[in-house]
Every structure is written in C-alpha cells, then in structure tokens.
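Engineer: What follows is a single structure, and I will ask about it in a moment.
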Amino acid sequence: MGDKSDGLRMGFLGGGMMAEALVRGLLNKDMIDPAQCWVSDVSQPRLDVMGALGLNATFDGEEVLRHTDIVVLAVKPDTAATALEPTRSTDKAHLIISICAGVTLSSLESFVGPKTRVVRVMPNTPCLVGATAAGYALGAKASQQDSQTVDRIFASVGLARAVPEKLLDAVTGVSGSGPAYVYMFIEALADGGVLNGLPRDTARALAAQVVYGTAKMVLENPDTHVGELRNRVESPGGTTIAGTNALEQGQFRGTVMNAVSAATTRAKEMGGN
Ligand SMILES: NC(=O)C1=CN([C@@H]2O[C@H](COP(=O)(O)OP(=O)(O)OC[C@H]3O[C@@H](n4cnc5c(N)ncnc54)[C@H](OP(=O)(O)O)[C@@H]3O)[C@@H](O)[C@H]2O)C=CC1
Ligand SMILES: O=C(O)[C@@H]1CCC=N1
C-alpha cells in the first residue's frame, strides 16, 4: 500500500488525542487516503487539527458514516452510545472499530444498527511513530475479512495481537495506559541523571535511548528471559546491583504490577463491569 490513491477510506467518530495519533501513524505509512477520510468531533479546535491533516472534518457523525465503511470509534467511553446512534438509521453495513477503554462488545452491539459489525481494539499513542502495541477482539457479526482488515490497519503502525475479549481490559492496563508509566520512568531516570550532574538535555536523550535500546534487546531476544538480560548488566559487586537493590527496596516491580491492575480494574469499571 505505497500509493495514497489505493489508501483506505476510513471514518473517525471523535478526533481527539488517540484519533490524531492513529491518523498521523496511518498517514506516515500511506495506509489511508486523507482526502477520502472523514472525522467528526464536537470541538471546532479538534476538527481544525484533523482538517489540517487533510481529512474531511465535520460536526456531523452521520456524514462520516455516509462517506465511509470502516469507522473508528474514538470518543470517550461514556459517549460511545451517543456517537454510535447514527448507525441505527443507515442502510449501510459499517465495520465499527471501537478503541474505547472498557466498553464491551456486547454493549457496542447493543448501541449499533442491525447491519453494523463491531470490533474492539486497544491500541496506544505510539502508533504515531509506528510502534503501537494493540490487542483486538471480534464482535459476533465480524467476519474473518474484518479481522484481517483490523490486523492490517494496526499492524501497519506497530504490533497487533488477537486476544479473547475478556483480556482486553488487561491489554488496556499494559498497552493502552503503559506509555504513561514509561514516560514517568524516563522522567525519573533523566531526573536522576540531573541530580547527579548531567545537563537536562543530555539526561533526557540518554534516558529515552536507554528505554528504546532495552526494549529492542527484549524484542530481538524473545527466547531469553528478561531477568537473564538484566543479570548480564549486573556485574557482581558493581554499580547496577546497587541500583537494582534500591529499586527493590522501593518495591518497583510490585508498584508497576499494581499500576497495571489499577488501570485494568478502572477499564472494567468504565465499561460497567
Ligand atoms: N489517549 C490514549 O492514549 C488512548 C485512548 N483510548 C481510547 O480512545 C478514546 C478517546 O480517547 P482520547 O483521544 O484520549 O480522548 P479525547 O477526549 O482526546 O478525544 C475524544 C474526542 O471526542 C469528542 N467527542 C465527544 N462527543 C463526541 C461525539 N458525539 N461525536 C464525535 N466526537 C465527540 C471529544 O470532544 P470533548 O472533549 O469536547 O467532549 C474529544 O475531542 C477513549 O475511549 C479512550 O478510552 C484508547 C487507547 C489509548
Ligand atoms: O486513560 C485512559 O482512560 C485511556 C485509555 C487507555 C489510555 N488512555
């Protein structure tokens, strides 16, 4: 799909942070033809941002549905039912790709018209740089072809894995919310460098590159336990074991696990489960 003329014609209900990240990521990969894509939002500033990316921007969700068949639902979870209302009064058979945290397939299916197929996806903002980590599950009416379409869209901007729907809230805790935890870690790593004398810009660049390089090591060594990779950094009696000991005393790993559980629980609450 290197030519914009055969790019996908997609719609977006909601043009906020996540829709913008996805659109920018898909544009970078020439996956969508912006002139054939439509976005609706209730906010003029958001429509201006999405319009500047070349999409047709409108306040009217019905217009999005009229012009497109594959539509990403990117409103806040509590607005999903309202935003999907126009699918009830259309003859077209849309594929709705919901990225709303917590909103279950059965809820989504109760919000849409009878011809509409639904897929639930949990991506994250690094789709903007082609490095998302997404999980997805198909609704009852979605076909194998829909599955391939969704896989192709999200794999084009990173990693996409099919998971049983009951695990999508855990995917939210790890993937959807995960970048925020990693930003906090990068901030803290950089602050530690500044505390010990590094210039701020050098500390920021080094901290981000450490996370990037370490993630690459994990991804490129799938058969090596992550703990083994860590042990290779920890020279006996050296600097690293002094640092990892301090992290253990601060209950670093337990705290991160608690963060994932808190976000997973919150996703369930937001979906009314
Ligand atoms: N941000 C992230 O990293 C991720 C978010 N998600 C999911 O993506 C969805 C969007 O999140 P995010 O982009 O952060 O949120 P935003 O609030 O940035 O975006 C949602 C946009 O939808 C607008 N909106 C409200 N009602 C309607 C409507 N009826 N029709 C069209 N647009 C409407 C909102 O306007 P207004 O604010 O004025 O109401 C807002 O501009 C959420 O469901 C979230 O769970 C999933 C993965 C990651
Ligand atoms: O914080 C949120 O609710 C959304 C869902 C996952 C990431 N951001």
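Residues are referred to by chain and number: the chain letter is A, B, ... according to the order shown in the structure tokens, the number counts from 1 in that chain, and ligands are numbered separately from 1 in the order shown.
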Can you pull out the residues contacting Ala134 (chain A)? Cut-off 6 Å, using only C-alpha atoms, and skip same-chain residues under 3 positions away; I want them as number ranges by chain.
Structural biologist: A: 122-123, 160
Engineer: With only C-alpha atoms and all ligand atoms counted, collect every polymer residue having an atom within 6 Å of ligand 1; state the result as a list in words.
Structural biologist: Leu13, Gly14, Gly15, Gly16, Met17, Met18, Ala19, Ser40, Asp41, Val42, Ser43, Arg46, Ala74, Val75, Lys76, Pro77, Thr79, Thr82, Ala83, Ile99, Cys100, Ala101, Met122, Pro123, Asn124, Thr125 and Gly176 of chain A
Engineer: As an NGL selection string, please: every residue in region 76-239 of chain A that DSSP puts in alpha helix (DSSP H).
Structural biologist: :A and (80-84 or 105-111 or 144-155 or 168-171 or 178-195 or 200-220 or 226-231 or 239)
Engineer: Find the residues near region 248-262 of chain A: any atom within 9 Å, counting only C-alpha atoms, skip ones fewer than 6 places away on the same chain, and give them as a ChimeraX atom specification.
Structural biologist: /A:170,172-174,177-178,181
Engineer: How would the residues just picked look written out with N, CA and C atoms as an mmCIF file, in the first residue's frame?
Structural biologist:
data_model
loop_
_atom_site.group_PDB
_atom_site.id
_atom_site.type_symbol
_atom_site.label_atom_id
_atom_site.label_comp_id
_atom_site.auth_asym_id
_atom_site.auth_seq_id
_atom_site.Cartn_x
_atom_site.Cartn_y
_atom_site.Cartn_z
ATOM 1 N N ALA A 170 -7.057 -6.061 30.474
ATOM 2 C CA ALA A 170 -5.650 -6.225 30.863
ATOM 3 C C ALA A 170 -4.734 -5.623 29.797
ATOM 4 N N THR A 172 -5.501 -3.071 28.119
ATOM 5 C CA THR A 172 -5.598 -1.633 28.421
ATOM 6 C C THR A 172 -4.604 -1.256 29.525
ATOM 7 N N GLY A 173 -4.545 -2.107 30.571
ATOM 8 C CA GLY A 173 -3.630 -1.841 31.695
ATOM 9 C C GLY A 173 -2.163 -1.861 31.280
ATOM 10 N N VAL A 174 -1.838 -2.725 30.302
ATOM 11 C CA VAL A 174 -0.435 -2.838 29.860
ATOM 12 C C VAL A 174 -0.146 -1.887 28.692
ATOM 13 N N SER A 177 -2.508 2.150 28.625
ATOM 14 C CA SER A 177 -2.013 3.084 29.648
ATOM 15 C C SER A 177 -0.498 3.037 29.785
ATOM 16 N N GLY A 178 0.121 1.965 29.322
ATOM 17 C CA GLY A 178 1.551 1.734 29.539
ATOM 18 C C GLY A 178 2.470 2.898 29.184
ATOM 19 N N TYR A 181 3.212 5.161 32.062
ATOM 20 C CA TYR A 181 4.145 4.664 33.092
ATOM 21 C C TYR A 181 5.584 4.820 32.595
#
Engineer: Do you know which residues are at most 6 Å from region 86-97 of chain A counting only C-alpha atoms, after dropping those on the same chain fewer than 6 positions away, and could you put them as a list of chain:residue names?
Structural biologist: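 That gives A:Glu62, A:Asp69, A:Ile70, A:Val71, A:Val72, A:Leu73, A:Val112, A:Gly113, A:Lys115, A:Thr116, A:Arg117, A:Val118, A:Val119, A:Arg120.
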Engineer: Find the residues around Ala131 (chain A) up to 7 Å (only C-alpha atoms counted), leave out those fewer than 5 positions away in its own chain, and share them as a PyMOL selection string.
Structural biologist: chain A and resi 126+157-159
Engineer: When DSSP is applied to the backbone of this structure, which of region 19-262 of chain A are assigned strand (DSSP E or B)? Write them out as a compact mmCIF listing (two decimals) with C-alpha atoms, in the first residue's frame.
Structural biologist:
# COMPACT_ATOMS: atom_id res chain seq x y z
CA ILE A 32 -5.07 6.00 4.31
CA TRP A 38 -13.85 11.74 7.39
CA VAL A 39 -13.78 12.73 11.03
CA SER A 40 -16.45 14.10 13.35
CA ASN A 56 -12.76 15.97 5.79
CA ALA A 57 -13.90 17.32 9.15
CA THR A 58 -17.49 17.72 10.30
CA ILE A 70 -14.64 1.36 8.14
CA VAL A 71 -15.15 3.68 11.11
CA VAL A 72 -13.00 4.06 14.23
CA LEU A 73 -14.98 4.95 17.35
CA LEU A 95 -17.39 -2.03 10.34
CA ILE A 96 -17.04 -0.12 13.63
CA ILE A 97 -13.61 -0.37 15.25
CA SER A 98 -14.05 0.76 18.86
CA ARG A 117 -20.25 -5.25 12.55
CA VAL A 118 -18.12 -4.40 15.57
CA VAL A 119 -14.50 -5.00 16.53
CA ARG A 120 -12.92 -3.86 19.80
CA VAL A 121 -9.28 -2.74 19.75
CA MET A 122 -7.00 -1.37 22.45
CA THR A 132 1.85 0.67 18.87
CA ALA A 133 1.09 -2.42 20.97
CA ALA A 134 -2.54 -3.30 20.25
CA GLY A 135 -4.90 -6.10 21.21
CA TYR A 136 -8.19 -6.78 19.44
CA ALA A 137 -11.28 -8.99 19.65
CA LEU A 138 -14.07 -9.53 17.12
CA GLY A 158 3.13 -1.48 15.23
CA LEU A 159 2.22 -4.78 16.86
CA ALA A 160 -1.35 -6.17 16.75
CA ARG A 161 -2.42 -9.33 18.59
CA ALA A 162 -5.84 -11.02 18.64
Engineer: Please list as a ChimeraX atom specification every residue within 9 Å of Leu53 (chain A), counting only C-alpha atoms and excluding residues in the same chain fewer than 4 positions away.
Structural biologist: /A:20,23-24,27,34,48-49
